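Enquirer: Pasting data.txt here (compact mmCIF, C-alpha atoms and all ligand atoms):
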# COMPACT_ATOMS: atom_id res chain seq x y z
CA MET W 1 0.00 0.00 0.00
CA THR W 2 1.36 3.43 -0.91
CA PRO W 3 1.43 6.12 1.78
CA SER W 4 -1.12 8.23 -0.14
CA THR W 5 -3.80 5.50 -0.24
CA SER W 6 -3.27 4.67 3.40
CA SER W 7 -3.72 8.32 4.37
CA THR W 8 -7.07 8.61 2.58
CA SER W 9 -8.50 5.27 3.61
CA ARG W 10 -7.39 5.55 7.23
CA ARG W 11 -8.38 9.08 8.01
CA ALA W 12 -9.19 9.77 11.65
CA GLU W 13 -12.88 10.51 12.13
CA PRO W 14 -14.30 13.07 14.55
CA ARG W 15 -16.86 12.01 17.13
CA ASP W 16 -20.08 10.72 15.50
CA ASP W 17 -22.22 13.44 17.07
CA LEU W 18 -19.99 16.19 15.64
CA ARG W 19 -20.40 15.11 12.02
CA GLU W 20 -23.56 17.12 11.42
CA LEU W 21 -22.11 20.24 13.02
CA SER W 22 -21.28 23.22 10.86
CA GLY W 23 -18.79 25.78 12.14
CA TYR W 24 -19.41 29.42 13.05
CA HIS W 25 -20.03 31.42 9.88
CA SER W 26 -19.62 35.17 9.82
CA PRO W 27 -17.66 36.41 6.80
CA GLN W 28 -14.61 38.56 7.63
CA LEU W 29 -14.34 40.75 4.53
CA ALA W 30 -12.02 43.71 4.00
CA VAL W 31 -14.56 46.45 3.26
CA ALA W 32 -14.65 50.14 4.17
CA VAL W 33 -17.56 49.95 6.63
CA ARG W 34 -17.68 46.85 8.85
CA LEU W 35 -20.92 46.73 10.78
CA ASN W 36 -21.32 42.96 11.07
CA THR W 37 -19.78 41.77 14.35
CA ASN W 38 -20.99 44.19 17.02
CA GLU W 39 -17.52 45.31 18.03
CA SER W 40 -16.75 48.78 19.32
CA PRO W 41 -16.07 51.13 16.40
CA PHE W 42 -13.55 52.97 18.58
CA ALA W 43 -9.94 51.94 19.16
CA PRO W 44 -8.90 51.52 22.80
CA LEU W 45 -7.83 54.79 24.46
CA PRO W 46 -4.19 55.59 23.56
CA VAL W 47 -3.42 56.27 27.24
CA PHE W 48 -4.63 52.75 28.12
CA VAL W 49 -2.53 51.19 25.33
CA ASP W 50 0.55 53.07 26.59
CA GLU W 51 -0.05 51.96 30.17
CA TRP W 52 -0.54 48.37 29.05
CA LEU W 53 2.57 48.30 26.85
CA GLY W 54 4.58 49.87 29.68
CA ALA W 55 3.36 47.24 32.15
CA LEU W 56 4.21 44.44 29.71
CA ARG W 57 7.90 45.39 29.91
CA ASP W 58 7.96 44.30 33.55
CA VAL W 59 6.33 40.94 32.94
CA ASP W 60 8.43 37.81 33.55
CA LEU W 61 7.58 36.16 30.26
CA ASN W 62 9.35 32.97 31.30
CA ARG W 63 6.78 32.47 34.08
CA TYR W 64 3.23 31.16 33.76
CA PRO W 65 0.48 33.70 34.35
CA ASP W 66 -1.34 33.98 37.69
CA ARG W 67 -3.55 30.88 37.52
CA GLY W 68 -6.06 32.29 39.98
CA VAL W 69 -6.35 35.62 38.08
CA HIS W 70 -6.37 37.32 41.49
CA GLU W 71 -5.75 40.94 40.60
CA LEU W 72 -8.26 41.06 37.74
CA ARG W 73 -10.95 39.27 39.72
CA ALA W 74 -10.44 41.62 42.68
CA ALA W 75 -10.56 44.68 40.39
CA LEU W 76 -13.74 43.50 38.68
CA GLY W 77 -15.25 42.56 42.01
CA SER W 78 -14.68 46.02 43.46
CA LEU W 79 -16.11 47.62 40.31
CA LEU W 80 -19.25 45.48 40.53
CA GLY W 81 -19.60 45.38 44.31
CA GLN W 82 -19.03 41.62 44.39
CA PRO W 83 -16.40 39.52 46.18
CA ALA W 84 -13.60 38.19 43.97
CA ALA W 85 -14.83 34.69 44.82
CA ARG W 86 -17.83 35.37 42.56
CA LEU W 87 -15.68 36.21 39.52
CA PHE W 88 -14.40 33.88 36.82
CA CYS W 89 -12.36 35.19 33.84
CA ALA W 90 -11.56 33.51 30.52
CA ASN W 91 -10.52 34.16 26.92
CA GLY W 92 -13.65 35.95 25.77
CA SER W 93 -17.15 35.26 27.00
CA ASN W 94 -17.29 32.40 24.50
CA GLU W 95 -14.74 30.56 26.62
CA VAL W 96 -16.77 31.37 29.73
CA LEU W 97 -19.82 29.81 28.03
CA GLN W 98 -17.77 26.81 26.97
CA THR W 99 -16.47 26.29 30.51
CA LEU W 100 -20.01 26.55 31.87
CA LEU W 101 -21.20 23.88 29.43
CA LEU W 102 -18.19 21.63 30.04
CA THR W 103 -19.00 21.84 33.74
CA TYR W 104 -22.80 21.76 33.84
CA GLY W 105 -23.72 20.28 30.45
CA GLY W 106 -22.58 17.04 28.82
CA PRO W 107 -24.10 13.74 27.73
CA GLY W 108 -27.51 13.06 29.29
CA ARG W 109 -27.97 16.75 30.15
CA GLY W 110 -29.90 19.52 28.39
CA ALA W 111 -29.36 23.20 27.62
CA LEU W 112 -32.47 25.31 27.02
CA VAL W 113 -32.20 28.21 24.57
CA PHE W 114 -34.90 30.60 23.38
CA GLU W 115 -34.61 30.99 19.62
CA PRO W 116 -33.65 33.10 17.79
CA THR W 117 -30.64 33.80 19.96
CA TYR W 118 -26.84 33.78 20.02
CA ALA W 119 -25.82 30.75 17.95
CA LEU W 120 -22.87 29.81 20.16
CA HIS W 121 -25.13 28.77 23.06
CA SER W 122 -26.50 25.81 21.10
CA HIS W 123 -23.29 25.31 19.12
CA ILE W 124 -21.10 24.88 22.22
CA ALA W 125 -23.85 22.80 23.84
CA ARG W 126 -23.65 20.35 20.92
CA ILE W 127 -19.85 20.28 21.00
CA THR W 128 -19.97 19.35 24.67
CA GLY W 129 -22.51 16.58 24.00
CA THR W 130 -25.32 18.51 25.68
CA THR W 131 -28.85 18.08 24.27
CA VAL W 132 -30.22 21.36 22.92
CA ILE W 133 -33.79 22.16 23.96
CA GLU W 134 -35.38 24.95 21.89
CA GLY W 135 -37.90 27.28 23.46
CA GLU W 136 -39.84 29.83 21.42
CA ARG W 137 -40.26 33.58 21.86
CA LEU W 138 -43.30 35.81 21.57
CA PRO W 139 -43.80 37.57 18.18
CA GLY W 140 -41.84 40.71 19.23
CA PHE W 141 -38.98 38.40 20.43
CA HIS W 142 -39.56 38.71 24.17
CA ILE W 143 -39.55 35.55 26.30
CA ASP W 144 -42.93 34.73 27.85
CA PRO W 145 -41.94 34.25 31.53
CA ASP W 146 -44.78 31.83 32.41
CA ALA W 147 -44.34 29.66 29.32
CA ALA W 148 -40.55 29.67 29.79
CA ALA W 149 -40.75 28.70 33.47
CA ALA W 150 -43.23 25.93 32.58
CA LEU W 151 -40.82 24.64 29.92
CA VAL W 152 -37.99 24.54 32.46
CA ARG W 153 -40.15 22.46 34.84
CA GLU W 154 -41.26 20.15 32.01
CA ARG W 155 -37.91 19.53 30.26
CA VAL W 156 -35.62 19.81 33.32
CA PRO W 157 -32.53 21.21 31.57
CA SER W 158 -29.21 21.53 33.39
CA VAL W 159 -28.50 24.96 31.91
CA VAL W 160 -30.95 27.67 30.78
CA PHE W 161 -29.61 30.44 28.53
CA VAL W 162 -31.14 33.88 28.36
CA CYS W 163 -29.35 36.42 26.21
CA SER W 164 -30.27 39.95 27.26
CA PRO W 165 -29.91 42.15 25.27
CA ASN W 166 -30.53 39.29 22.88
CA ASN W 167 -28.31 38.76 19.88
CA PRO W 168 -29.52 39.12 17.11
CA THR W 169 -32.81 40.81 18.09
CA GLY W 170 -31.63 43.44 20.62
CA THR W 171 -34.47 42.48 23.00
CA VAL W 172 -33.94 43.24 26.69
CA GLU W 173 -35.76 40.86 29.05
CA ALA W 174 -37.56 42.30 32.07
CA ARG W 175 -36.26 41.69 35.57
CA ASP W 176 -39.45 39.71 36.32
CA THR W 177 -38.62 37.30 33.49
CA VAL W 178 -35.10 36.70 34.76
CA GLU W 179 -36.39 36.21 38.32
CA ALA W 180 -39.09 33.78 37.15
CA LEU W 181 -36.53 31.77 35.19
CA ALA W 182 -34.04 31.77 38.07
CA ALA W 183 -36.78 30.46 40.39
CA ALA W 184 -37.78 27.74 37.90
CA ALA W 185 -34.11 26.82 37.38
CA ALA W 186 -33.66 26.52 41.16
CA GLU W 187 -36.63 24.14 41.38
CA VAL W 188 -35.02 21.70 38.92
CA ASN W 189 -31.40 22.21 40.10
CA ALA W 190 -30.48 23.98 36.86
CA LEU W 191 -28.26 26.99 36.30
CA LEU W 192 -29.64 30.13 34.65
CA VAL W 193 -26.99 31.81 32.48
CA VAL W 194 -27.80 35.38 31.47
CA ASP W 195 -25.50 36.38 28.61
CA GLU W 196 -24.99 40.13 28.95
CA ALA W 197 -22.34 40.63 26.27
CA TYR W 198 -24.26 43.84 25.46
CA GLY W 199 -25.39 44.56 29.01
CA GLU W 200 -23.76 47.99 29.24
CA PHE W 201 -26.08 49.31 26.51
CA SER W 202 -29.20 48.22 28.37
CA HIS W 203 -31.24 50.05 31.04
CA TRP W 204 -30.86 47.28 33.62
CA SER W 205 -28.57 44.35 34.42
CA ALA W 206 -29.11 40.99 36.05
CA LEU W 207 -25.77 41.56 37.82
CA GLU W 208 -27.78 43.06 40.68
CA LEU W 209 -29.46 39.65 41.22
CA VAL W 210 -26.27 37.60 41.62
CA ASP W 211 -25.72 36.16 45.08
CA ASP W 212 -24.77 32.79 46.56
CA GLY W 213 -28.40 31.84 47.11
CA ARG W 214 -29.58 31.90 43.49
CA PRO W 215 -28.42 29.64 40.60
CA LEU W 216 -27.76 32.65 38.37
CA VAL W 217 -24.65 33.35 36.29
CA VAL W 218 -24.20 36.63 34.42
CA VAL W 219 -21.68 36.60 31.58
CA ARG W 220 -19.98 39.74 30.32
CA THR W 221 -17.20 40.68 27.90
CA TYR W 222 -14.47 43.23 27.26
CA SER W 223 -15.02 42.74 23.51
CA LYS W 224 -17.67 45.41 23.00
CA VAL W 225 -17.70 48.42 25.30
CA TRP W 226 -14.06 48.02 26.35
CA SER W 227 -12.81 47.98 22.71
CA MET W 228 -10.78 44.85 23.40
CA ALA W 229 -12.22 42.22 21.04
CA ALA W 230 -8.70 41.40 19.79
CA LEU W 231 -7.47 40.58 23.30
CA ARG W 232 -10.18 38.01 24.14
CA LEU W 233 -11.40 38.63 27.66
CA GLY W 234 -14.74 37.79 29.21
CA PHE W 235 -16.00 36.99 32.69
CA ALA W 236 -18.80 35.46 34.69
CA VAL W 237 -20.32 36.77 37.89
CA ALA W 238 -21.84 33.84 39.75
CA PRO W 239 -22.31 32.24 43.17
CA ALA W 240 -18.95 31.25 44.66
CA TRP W 241 -19.99 27.57 44.53
CA VAL W 242 -20.30 27.84 40.72
CA ILE W 243 -16.94 29.59 40.34
CA GLY W 244 -15.23 26.81 42.32
CA GLU W 245 -16.55 24.22 39.85
CA LEU W 246 -15.55 26.25 36.77
CA GLU W 247 -12.01 26.57 38.12
CA LYS W 248 -11.69 22.79 38.21
CA VAL W 249 -12.61 22.51 34.53
CA VAL W 250 -10.87 25.43 32.79
CA LEU W 251 -7.35 24.74 31.52
CA PRO W 252 -4.65 25.87 33.95
CA TYR W 253 -2.93 29.16 33.08
CA SER W 254 -5.32 29.69 30.16
CA LEU W 255 -5.59 33.46 30.61
CA SER W 256 -2.33 35.06 29.49
CA THR W 257 -0.57 37.70 31.58
CA PRO W 258 -0.98 40.40 28.86
CA THR W 259 -4.73 39.77 28.83
CA GLN W 260 -5.00 39.84 32.64
CA LEU W 261 -3.05 43.09 32.75
CA ALA W 262 -5.18 44.68 30.05
CA GLY W 263 -8.31 43.74 31.97
CA VAL W 264 -7.09 45.47 35.14
CA LEU W 265 -5.67 48.58 33.46
CA ALA W 266 -8.74 49.17 31.29
CA LEU W 267 -10.96 49.56 34.36
CA ALA W 268 -9.19 52.81 35.32
CA HIS W 269 -10.85 54.39 32.25
CA ARG W 270 -14.39 53.51 33.13
CA GLY W 271 -15.66 57.08 32.75
CA GLU W 272 -14.50 57.35 29.14
CA MET W 273 -16.06 53.98 28.39
CA GLU W 274 -19.38 55.09 29.83
CA ASP W 275 -19.21 58.17 27.58
CA ARG W 276 -18.66 55.88 24.61
CA VAL W 277 -21.69 53.81 25.57
CA ALA W 278 -23.77 57.00 25.70
CA THR W 279 -22.45 58.03 22.28
CA ILE W 280 -23.37 54.67 20.75
CA VAL W 281 -26.81 54.64 22.33
CA GLY W 282 -27.37 58.16 20.92
CA GLU W 283 -26.20 56.99 17.48
CA ARG W 284 -28.47 53.96 17.70
CA GLU W 285 -31.49 56.19 18.24
CA ARG W 286 -30.38 58.45 15.36
CA VAL W 287 -30.17 55.44 13.02
CA VAL W 288 -33.58 54.20 14.21
CA ALA W 289 -35.06 57.60 13.34
CA ALA W 290 -33.40 57.63 9.91
CA LEU W 291 -34.62 54.12 9.12
CA SER W 292 -38.20 54.94 10.07
CA GLU W 293 -38.46 56.74 6.71
CA HIS W 294 -38.37 53.38 4.92
CA HIS W 295 -41.75 51.69 5.10
CA ALA W 296 -40.40 48.38 3.80
CA LEU W 297 -38.32 48.05 6.99
CA THR W 298 -39.30 47.07 10.52
CA VAL W 299 -36.70 47.99 13.13
CA TYR W 300 -36.97 46.03 16.38
CA PRO W 301 -36.47 47.86 19.70
CA SER W 302 -32.86 47.34 20.79
CA GLY W 303 -31.02 47.70 24.08
CA ALA W 304 -27.72 46.79 22.42
CA ASN W 305 -25.14 48.30 20.04
CA PHE W 306 -26.91 46.84 17.01
CA LEU W 307 -30.31 46.81 15.32
CA LEU W 308 -32.27 43.99 13.74
CA LEU W 309 -34.11 45.06 10.59
CA ARG W 310 -36.84 43.07 8.91
CA TYR W 311 -37.19 43.78 5.21
CA ASP W 312 -40.44 43.28 3.38
CA GLY W 313 -38.61 41.86 0.36
CA ASN W 314 -35.45 39.89 -0.47
CA ALA W 315 -33.17 40.51 2.53
CA HIS W 316 -30.24 38.63 1.04
CA ALA W 317 -30.36 40.78 -2.11
CA LEU W 318 -30.44 43.86 0.14
CA TRP W 319 -27.35 42.57 2.01
CA GLU W 320 -25.53 42.09 -1.32
CA ALA W 321 -26.50 45.56 -2.52
CA LEU W 322 -25.05 47.02 0.70
CA LEU W 323 -21.85 45.00 0.30
CA GLU W 324 -21.42 46.29 -3.25
CA GLN W 325 -21.28 49.76 -1.72
CA GLY W 326 -18.64 48.68 0.79
CA VAL W 327 -20.98 48.26 3.78
CA LEU W 328 -20.89 44.86 5.50
CA VAL W 329 -23.78 43.99 7.82
CA ARG W 330 -24.84 40.56 9.10
CA ASP W 331 -27.14 38.55 6.86
CA PHE W 332 -29.72 36.56 8.83
CA SER W 333 -31.86 35.78 5.78
CA GLY W 334 -30.97 32.08 6.01
CA TRP W 335 -31.89 31.75 9.70
CA PRO W 336 -35.16 30.32 10.96
CA ARG W 337 -37.44 32.94 12.62
CA VAL W 338 -35.40 35.89 11.29
CA GLU W 339 -35.54 34.92 7.58
CA ASP W 340 -36.13 38.43 6.27
CA CYS W 341 -33.67 40.12 8.58
CA LEU W 342 -30.33 41.89 8.56
CA ARG W 343 -28.45 42.99 11.66
CA VAL W 344 -26.41 46.17 11.66
CA THR W 345 -23.88 47.17 14.30
CA ILE W 346 -23.92 50.81 15.37
CA GLY W 347 -20.61 52.34 14.30
CA THR W 348 -19.12 55.82 14.35
CA ALA W 349 -21.35 58.67 13.18
CA ALA W 350 -19.59 58.59 9.79
CA GLU W 351 -20.07 54.82 9.45
CA ASN W 352 -23.72 55.11 10.39
CA ASP W 353 -24.22 57.86 7.81
CA ALA W 354 -22.54 55.65 5.21
CA PHE W 355 -24.86 52.79 6.15
CA VAL W 356 -28.04 54.88 6.04
CA SER W 357 -27.15 56.32 2.66
CA ALA W 358 -26.05 52.94 1.22
CA LEU W 359 -29.29 51.43 2.50
CA THR W 360 -31.37 54.05 0.70
CA THR W 361 -29.55 53.22 -2.55
CA ALA W 362 -29.75 49.47 -1.91
CA LEU W 363 -33.52 49.63 -1.26
CA GLN W 364 -34.02 51.43 -4.59
CA GLU W 365 -31.85 48.92 -6.45
CA VAL W 366 -33.48 45.85 -4.95
CA ASN W 367 -36.97 47.22 -5.62
CA GLU W 368 -36.26 47.88 -9.30
N1 LIG V 401 -22.35 36.49 23.78
C1 LIG V 401 -22.97 37.17 22.83
C2 LIG V 401 -24.43 37.39 22.95
C3 LIG V 401 -22.25 37.68 21.73
O1 LIG V 401 -22.90 38.35 20.78
C4 LIG V 401 -20.87 37.49 21.67
C5 LIG V 401 -20.03 38.03 20.55
N2 LIG V 401 -20.54 38.01 19.32
C6 LIG V 401 -20.27 36.74 22.67
C7 LIG V 401 -21.02 36.27 23.72
C8 LIG V 401 -18.82 36.39 22.63
O2 LIG V 401 -18.03 37.47 22.82
P1 LIG V 401 -16.50 37.32 23.25
O3 LIG V 401 -16.13 35.87 23.18
O4 LIG V 401 -15.77 38.17 22.29
O5 LIG V 401 -16.47 37.85 24.65
Now, as a test, write the supplied structure out as structure tokens.

Expert:
Amino acid sequence: MTPSTSSTSRRAEPRDDLRELSGYHSPQLAVAVRLNTNESPFAPLPVFVDEWLGALRDVDLNRYPDRGVHELRAALGSLLGQPAARLFCANGSNEVLQTLLLTYGGPGRGALVFEPTYALHSHIARITGTTVIEGERLPGFHIDPDAAAALVRERVPSVVFVCSPNNPTGTVEARDTVEALAAAAAEVNALLVVDEAYGEFSHWSALELVDDGRPLVVVRTYSKVWSMAALRLGFAVAPAWVIGELEKVVLPYSLSTPTQLAGVLALAHRGEMEDRVATIVGERERVVAALSEHHALTVYPSGANFLLLRYDGNAHALWEALLEQGVLVRDFSGWPRVEDCLRVTIGTAAENDAFVSALTTALQEVNE
């Protein structure tokens, strides 16, 4: 047998249950206006970058990072009024979600998601061998608290995901809904995970509900408001008994020293970041007003740094017509429940102007 035949006939196969899985698809295209991944349109503050680069010079690169992430957890804890024992940090909130599912999901266990929602909740659930249980939303994309709590009692998942503000719809769930779901989760010994990747843009946060007596985890990220998507840093705020379990599962030394340092140093510039949030929220409302001129579009209320638009026509053609003008938004036209929809990230004022004007042209072209 020649080496080439042996390599094709004896190819290693992935796990059976992973065969049907498709990866995460969001095109990364080099266009002028990138409004497709909900990042901050602003670079990190130069003063922060200088402080971080300066601090890096003193790092013993031959040593592993602080495995317990003590300084960053203490800094986040004092910012949020929580003890460090309720903080867990990882490489982006995706890794936080993965660690949660590795710990509390797995074969024979279920994760409940309310669709449409952030695709990685069900994607990581499947990768970890967790059964995905799909709950539905009301027509305007809110979760019905009574129906959702009943579903928790009926299906007895191990993990319940609520994304608020929800990606891709922008929907913010009411405090009553989160409390009802936390109570239902407690009844069946499940964990309620509230993904607040966009929480800073919303009028309330489930962070205020976290204590050791409730099975509630709130997940946040430095990728959006803190302009640090490239560095990969996210965290969970959860009962100390949850954090202890996550620490057993996450890889040792997984959070690099440069990332830990960046997380601590960024917090000194909280005021500027809050100003940026206010700017983006103001821009979001300006874009909503501009889009209201187009009767073929429905814009869903958003508490995030993006808007979901439903187009009464061919949404994929509209996406292409925007791309031809150098504006990249996220195409949801192939997704169940949001078939006619595009999602646009709020950018700088200039980017938003470019989007609004390209959209006007695109709507004319697609209608012709
Ligand atoms: N949760 C939600 C709802 C998101 O939209 C994203 C980013 N798209 C993430 C988590 C992951 O963010 P990161 O891993 O960059 O923290």

Enquirer: Could you list, as a PyMOL selection string, all the residues within 10 Å of ligand LIG 401 (chain V), counting all atoms listed in the file?

Expert: chain W and resi 26+36-39+90-98+117-121+162-168+170+194-199+219-224+228-235+304

Enquirer: Mind writing the picked residues with C-alpha atoms as an mmCIF file, in the frame of the given file?

Expert:
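The resulting file, out_11.cif, is shown below:
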data_model
loop_
_atom_site.group_PDB
_atom_site.id
_atom_site.type_symbol
_atom_site.label_atom_id
_atom_site.label_comp_id
_atom_site.auth_asym_id
_atom_site.auth_seq_id
_atom_site.Cartn_x
_atom_site.Cartn_y
_atom_site.Cartn_z
ATOM 1 C CA SER W 26 -19.620 35.170 9.820
ATOM 2 C CA ASN W 36 -21.320 42.960 11.070
ATOM 3 C CA THR W 37 -19.780 41.770 14.350
ATOM 4 C CA ASN W 38 -20.990 44.190 17.020
ATOM 5 C CA GLU W 39 -17.520 45.310 18.030
ATOM 6 C CA ALA W 90 -11.560 33.510 30.520
ATOM 7 C CA ASN W 91 -10.520 34.160 26.920
ATOM 8 C CA GLY W 92 -13.650 35.950 25.770
ATOM 9 C CA SER W 93 -17.150 35.260 27.000
ATOM 10 C CA ASN W 94 -17.290 32.400 24.500
ATOM 11 C CA GLU W 95 -14.740 30.560 26.620
ATOM 12 C CA VAL W 96 -16.770 31.370 29.730
ATOM 13 C CA LEU W 97 -19.820 29.810 28.030
ATOM 14 C CA GLN W 98 -17.770 26.810 26.970
ATOM 15 C CA THR W 117 -30.640 33.800 19.960
ATOM 16 C CA TYR W 118 -26.840 33.780 20.020
ATOM 17 C CA ALA W 119 -25.820 30.750 17.950
ATOM 18 C CA LEU W 120 -22.870 29.810 20.160
ATOM 19 C CA HIS W 121 -25.130 28.770 23.060
ATOM 20 C CA VAL W 162 -31.140 33.880 28.360
ATOM 21 C CA CYS W 163 -29.350 36.420 26.210
ATOM 22 C CA SER W 164 -30.270 39.950 27.260
ATOM 23 C CA PRO W 165 -29.910 42.150 25.270
ATOM 24 C CA ASN W 166 -30.530 39.290 22.880
ATOM 25 C CA ASN W 167 -28.310 38.760 19.880
ATOM 26 C CA PRO W 168 -29.520 39.120 17.110
ATOM 27 C CA GLY W 170 -31.630 43.440 20.620
ATOM 28 C CA VAL W 194 -27.800 35.380 31.470
ATOM 29 C CA ASP W 195 -25.500 36.380 28.610
ATOM 30 C CA GLU W 196 -24.990 40.130 28.950
ATOM 31 C CA ALA W 197 -22.340 40.630 26.270
ATOM 32 C CA TYR W 198 -24.260 43.840 25.460
ATOM 33 C CA GLY W 199 -25.390 44.560 29.010
ATOM 34 C CA VAL W 219 -21.680 36.600 31.580
ATOM 35 C CA ARG W 220 -19.980 39.740 30.320
ATOM 36 C CA THR W 221 -17.200 40.680 27.900
ATOM 37 C CA TYR W 222 -14.470 43.230 27.260
ATOM 38 C CA SER W 223 -15.020 42.740 23.510
ATOM 39 C CA LYS W 224 -17.670 45.410 23.000
ATOM 40 C CA MET W 228 -10.780 44.850 23.400
ATOM 41 C CA ALA W 229 -12.220 42.220 21.040
ATOM 42 C CA ALA W 230 -8.700 41.400 19.790
ATOM 43 C CA LEU W 231 -7.470 40.580 23.300
ATOM 44 C CA ARG W 232 -10.180 38.010 24.140
ATOM 45 C CA LEU W 233 -11.400 38.630 27.660
ATOM 46 C CA GLY W 234 -14.740 37.790 29.210
ATOM 47 C CA PHE W 235 -16.000 36.990 32.690
ATOM 48 C CA ALA W 304 -27.720 46.790 22.420
#

Enquirer: Mind checking which residues fall within 7 Å of Gly263 in chain W, counting only C-alpha atoms, ignoring those fewer than 4 positions away in the same chain, and posting them as a list in words?

Expert: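 Once the adjacent positions are removed, what remains is Leu72, Thr259 and Leu267 of chain W.
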
Enquirer: Separation of CA of Gly244 in chain W and CA of Ala184 in chain W, in Å?

Expert: 23.0 Å

Enquirer: Smallest atom-to-atom distance to Phe355 in chain W: which of W:Glu208, W:Asp340, W:Glu245, W:Glu324, using all atoms listed in the file?

Expert: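 Counting all atoms listed in the file, the residue closest to Phe355 in chain W is W:Glu324.
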
Enquirer: Between CA of Gly68 in chain W and CA of Ala85 in chain W, what is the spacing in Å?

Expert: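 About the pair CA of Ala85 in chain W and CA of Gly68 in chain W: they are 10.3 Å apart.
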
Enquirer: Please report the interatomic distance between CA of Ser256 in chain W and CA of Thr128 in chain W in Å with one decimal.

Expert: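 According to the coordinates, CA of Ser256 in chain W and CA of Thr128 in chain W are separated by 24.1 Å.
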
Enquirer: When you look at Val47 in chain W with a cut-off of 12 Å (counting all atoms listed in the file), what residues show up, excluding the ones that are within fewer than 2 positions of it in the same chain? I need them as a count of residues only.

Expert: 14

Enquirer: Counting all atoms listed in the file, which residues come within 8 Å of (-3.9, 40.2, 36.2), with the point read in the file's coordinates, and could you list them as a list of chain:residue names?

Expert: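 Within 8 Å of (-3.9, 40.2, 36.2), the protein and nucleic acid residues are W:Asp66, W:Val69, W:His70, W:Glu71, W:Leu72, W:Arg73, W:Thr257, W:Pro258, W:Thr259, W:Gln260, W:Leu261, W:Ala262, W:Gly263, W:Val264.
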
Enquirer: Go ahead and save the picked residues with C-alpha atoms, as an mmCIF file, in the frame of the given file.

Expert:
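Writing done, so here's result36.cif:
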data_model
loop_
_atom_site.group_PDB
_atom_site.id
_atom_site.type_symbol
_atom_site.label_atom_id
_atom_site.label_comp_id
_atom_site.auth_asym_id
_atom_site.auth_seq_id
_atom_site.Cartn_x
_atom_site.Cartn_y
_atom_site.Cartn_z
ATOM 1 C CA ASP W 66 -1.340 33.980 37.690
ATOM 2 C CA VAL W 69 -6.350 35.620 38.080
ATOM 3 C CA HIS W 70 -6.370 37.320 41.490
ATOM 4 C CA GLU W 71 -5.750 40.940 40.600
ATOM 5 C CA LEU W 72 -8.260 41.060 37.740
ATOM 6 C CA ARG W 73 -10.950 39.270 39.720
ATOM 7 C CA THR W 257 -0.570 37.700 31.580
ATOM 8 C CA PRO W 258 -0.980 40.400 28.860
ATOM 9 C CA THR W 259 -4.730 39.770 28.830
ATOM 10 C CA GLN W 260 -5.000 39.840 32.640
ATOM 11 C CA LEU W 261 -3.050 43.090 32.750
ATOM 12 C CA ALA W 262 -5.180 44.680 30.050
ATOM 13 C CA GLY W 263 -8.310 43.740 31.970
ATOM 14 C CA VAL W 264 -7.090 45.470 35.140
#

Enquirer: So, counting all atoms listed in the file, which residue among W:Ala150, W:Ala238, W:Leu101, W:Ala349 is closest to Ile127 in chain W?

Expert: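 With all atoms listed in the file as the atom set, the closest residue is W:Leu101.
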
Enquirer: Have a look at W:Ala190, W:Val299, W:Val287, W:Ala315 and name the one nearest to Val242 in chain W; count all atoms listed in the file.

Expert: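 For Val242 in chain W, the nearest of the given residues is W:Ala190.
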
Enquirer: Need the shell around Glu134 in chain W: protein/DNA/RNA residues with any atom at most 12 Å away, counting all atoms listed in the file. Skip same-chain ones fewer than 5 positions apart. Format as JSON, numbers by chain?

Expert: {"W": [110, 111, 112, 113, 114, 115, 116, 117, 119, 121, 122, 125, 148, 151, 152, 155, 157, 160, 161, 162]}

Enquirer: Which residue gives the smallest distance to Gly81 in chain W among W:Leu56, W:Leu21, W:Val132, W:Leu207, with all atoms listed in the file counted?

Expert: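 Of the candidates, the smallest distance to Gly81 in chain W is held by W:Leu207.
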
Enquirer: Pick out the residues sitting within 9 Å of Leu318 in chain W, and hand them over as JSON, numbers by chain; count all atoms listed in the file, and ignore anything fewer than 6 positions along from it in its own chain.

Expert: {"W": [311, 342, 359, 362, 363, 365, 366]}

Enquirer: Neighbours of range 275-282 of chain W within 7 Å (all atoms listed in the file; same-chain residues fewer than 4 positions away dropped), as a PyMOL selection string?

Expert: chain W and resi 201+225+271+286+305+346

Enquirer: Restricting the calculation to all atoms listed in the file: of W:Val188, W:Ser78, W:Ala296, W:Gly303, which residue gets closest to Glu173 in chain W?

Expert: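 Looking at the shortest contact to Glu173 in chain W, the residue is W:Gly303.
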
Enquirer: Kindly indicate which residue among W:Val344, W:Ala147, W:Ala185, W:Val356 lies nearest to His294 in chain W, using only C-alpha atoms for the distances.

Expert: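 Going through W:Val344, W:Ala147, W:Ala185, W:Val356 one by one, the smallest distance to His294 in chain W is for W:Val356.
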
Enquirer: Please work out which residues fall within 6 Å of (-2.8, 31.0, 34.2), coordinates as given in the file, with all atoms listed in the file counting, and return them as a JSON list (two decimals) with C-alpha atoms, in the coordinates of the input.

Expert:
[["chain", "number", "residue", "atom", "x", "y", "z"],
["W", 65, "PRO", "CA", 0.48, 33.70, 34.35],
["W", 66, "ASP", "CA", -1.34, 33.98, 37.69],
["W", 67, "ARG", "CA", -3.55, 30.88, 37.52],
["W", 252, "PRO", "CA", -4.65, 25.87, 33.95],
["W", 253, "TYR", "CA", -2.93, 29.16, 33.08],
["W", 254, "SER", "CA", -5.32, 29.69, 30.16],
["W", 255, "LEU", "CA", -5.59, 33.46, 30.61]]

Enquirer: Please write C-alpha atoms of range 342-349 of chain W, from the structure given just now, as a CSV table (one decimal), in the first residue's frame.

Expert:
chain,number,residue,atom,x,y,z
W,342,LEU,CA,-30.3,41.9,8.6
W,343,ARG,CA,-28.5,43.0,11.7
W,344,VAL,CA,-26.4,46.2,11.7
W,345,THR,CA,-23.9,47.2,14.3
W,346,ILE,CA,-23.9,50.8,15.4
W,347,GLY,CA,-20.6,52.3,14.3
W,348,THR,CA,-19.1,55.8,14.3
W,349,ALA,CA,-21.3,58.7,13.2
